[in-house]
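This report concerns only the one structure given below.
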Amino acid sequence: MDITNVLLKAKDFGQRQSDPIRVLVTGAAGQIAYSLLYNIAKGDVFGKDQPLVLVLLDITPMLPVLDGVLMELQDCALPLLREVIPTDKEEVAFKDLDAAILVGSMPRKEGMERKDLLKANVKIFKSQGSALDKYAKKTVKVLVVGNPANTNCLIASKSAPSIPKENFSCLTRLDHNRARSQVAIRVGVPADNVKDVIIWGNHSSTQYPDVHHAKVKVQGKEIGAYDAVKDDGWLKGDFISTVQQRGAAVIKARKLSSAMSAAKAISDHMRDIWFGTPEGEFISMGVISDGNSYGIPSDLIYSFPVVIKNKTWTIVDGLAINDFSRGKMDATAKELVEERDTALEFIA
């Protein structure tokens, strides 16, 4: 290849790099989005040299709030932010998307049964899935955050048959980060000294935070989490319940749900999809369960350990599962099967 061709290819690559990507955040007037949008707009998620068009979707009564968010984003004077589009219309919001972060959902109100919550959210995510199918790029990467996240994600995917199922994932990275942090605090090391924790299953109180395969760097040497913590009772008891109930504990203390930590987890999740997971490390995310090697029923969005390369995730196979883990993995799968079946009844 002569030097002219090399220069032309480099120039073409440079141009493609500078084309803005379109990123949608739904529930954009809410508090998670308020923490998230700045992270995205300053390049923490899609790269420091990747220009962006940010699309902000919320319900019509929230449009005045979105105007305030728009003003603040403009006032940040961020070099990567090419345009901000606030809207309440799906046909505007979902057009030509490269990434969709679906944060908005119907929150559970006092006295509301889980079934009622599911019904309200099935309607939202069926509509948004259809809009993705109709208007977004077929390569769009979709992250569902709004709860119940796993089942909402499944409904959105089923409502977008022209987009590969593998392009849909739900957020369990917040639980993953919580588990990592709890182990780090217990051992007395920085959080990035802990890796390969796993969140199995549903983003609910049945999730199973598992550290049987986790590693902790202590005094420069990597050892198993059980050896580092030296307290099996804690790891099989309070550690699990702390991670499972952490969201409720934050609400009890703040009178508001997790926002800063949720935004950080969303950023981590999408950055890993875009750039891949660190070499020799896996993370947790809710993905389609078809063809998994862990005996989890197919046609669920279930949280597994995954590695990501070239924007494609792969479930980590071959991890040994003991009886303790098996029982917890099956319990959370059972809840997801029930949620899915109820949701599909509503669609029918």
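Residues in the structure tokens are named by chain (A, B, ... in the order shown) and by number from 1 within that chain; ligands are numbered from 1 in the order shown.
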
Among region 99-146 of chain A, which residues does DSSP mark as strand (DSSP E or B) when it is run on the backbone? Keep the chain and numbering as in the structure and answer as number ranges by chain.
A: 99-102, 141-144

For region 167-211 of chain A against region 300-313 of chain A, with a cut-off of 10 Å and counting only C-alpha atoms, what is the closest atom pair and its distance in Å to one decimal for every residue that makes the cut, ordered by chain and number, as a Markdown table?
| residue | atom | partner | partner_atom | distance |
| --- | --- | --- | --- | --- |
| A:Asn167 | CA | A:Thr312 | CA | 8.3 |
| A:Phe168 | CA | A:Ile301 | CA | 8.9 |
| A:Ser169 | CA | A:Ile301 | CA | 7.5 |
| A:Cys170 | CA | A:Ile301 | CA | 7.5 |
| A:Leu171 | CA | A:Ser303 | CA | 8.5 |
| A:Thr172 | CA | A:Ser303 | CA | 6.7 |
| A:Arg173 | CA | A:Ser303 | CA | 9.4 |
| A:His176 | CA | A:Pro305 | CA | 9.9 |
| A:Asp196 | CA | A:Pro305 | CA | 8.0 |
| A:Val197 | CA | A:Pro305 | CA | 8.3 |
| A:Ile198 | CA | A:Pro305 | CA | 5.8 |
| A:Ile199 | CA | A:Ser303 | CA | 6.1 |
| A:Trp200 | CA | A:Ser303 | CA | 4.8 |
| A:Gly201 | CA | A:Ser303 | CA | 4.6 |
| A:Asn202 | CA | A:Tyr302 | CA | 6.0 |
| A:His203 | CA | A:Ser303 | CA | 7.9 |
| A:Gln207 | CA | A:Ser303 | CA | 8.6 |
| A:Tyr208 | CA | A:Ser303 | CA | 9.4 |

For the residues selected in the previous step, produce a file with C-alpha atoms as a tab-separated table (two decimals), in the first residue's frame.
chain	number	residue	atom	x	y	z
A	167	ASN	CA	-28.07	-5.10	21.36
A	168	PHE	CA	-30.31	-4.89	24.44
A	169	SER	CA	-29.01	-5.03	28.00
A	170	CYS	CA	-30.20	-3.94	31.43
A	171	LEU	CA	-28.31	-2.32	34.26
A	172	THR	CA	-26.96	-4.54	37.04
A	173	ARG	CA	-23.64	-2.66	37.11
A	176	HIS	CA	-21.90	-5.05	40.72
A	196	ASP	CA	-14.73	-10.41	38.95
A	197	VAL	CA	-17.61	-10.13	41.39
A	198	ILE	CA	-20.84	-11.39	39.76
A	199	ILE	CA	-24.45	-10.31	39.98
A	200	TRP	CA	-26.66	-13.18	38.86
A	201	GLY	CA	-30.29	-12.74	37.86
A	202	ASN	CA	-32.80	-9.99	38.45
A	203	HIS	CA	-32.16	-6.38	39.46
A	207	GLN	CA	-30.43	-10.89	42.83
A	208	TYR	CA	-27.43	-13.00	43.85

For CA of Asp58 (chain A) and CA of Ala28 (chain A), quote the distance in Å rounded to one decimal.
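About the pair CA of Asp58 (chain A) and CA of Ala28 (chain A): they are 5.8 Å apart.
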
Would you list the contacts of Glu166 (chain A) as a ChimeraX atom specification, taking every protein, DNA or RNA residue within 12 Å and counting only C-alpha atoms, but skipping same-chain residues closer than 6 positions in sequence?
/A:138-143,153-154,157-158,160,273,285-290,299,301,308,311-315

List as JSON, numbers by chain the protein and nucleic acid residues near Gly129 (chain A), meaning an atom at most 12 Å away when only C-alpha atoms are counted, but skip any in the same chain fewer than 5 places from it.
{"A": [90, 91, 94, 100, 102, 121, 122, 123, 124, 134, 135, 136, 140, 142, 143, 144, 152, 153, 154, 155, 156, 157, 158, 159, 160, 161, 162, 163, 165, 168]}

Picked from region 6-216 of chain A by DSSP as helix (DSSP H, G or I), as a ChimeraX atom specification
/A:6-18,31-41,60-75,90-93,114-135,149-158,165-167,173-187,191-193

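Between Ala343 (chain A) and the residues A:Gly318, A:Pro148, A:Pro209, A:Gly220, the shortest atom-to-atom distance, using only C-alpha atoms, involves A:Pro148.
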
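Residues with any atom within 10 Å of Met62 (chain A), counting only C-alpha atoms and excluding same-chain neighbours fewer than 5 positions away, are Gly27, Ala28, Ala29, Gly30, Leu57, Asp67, Thr87 and Asp88 of chain A.
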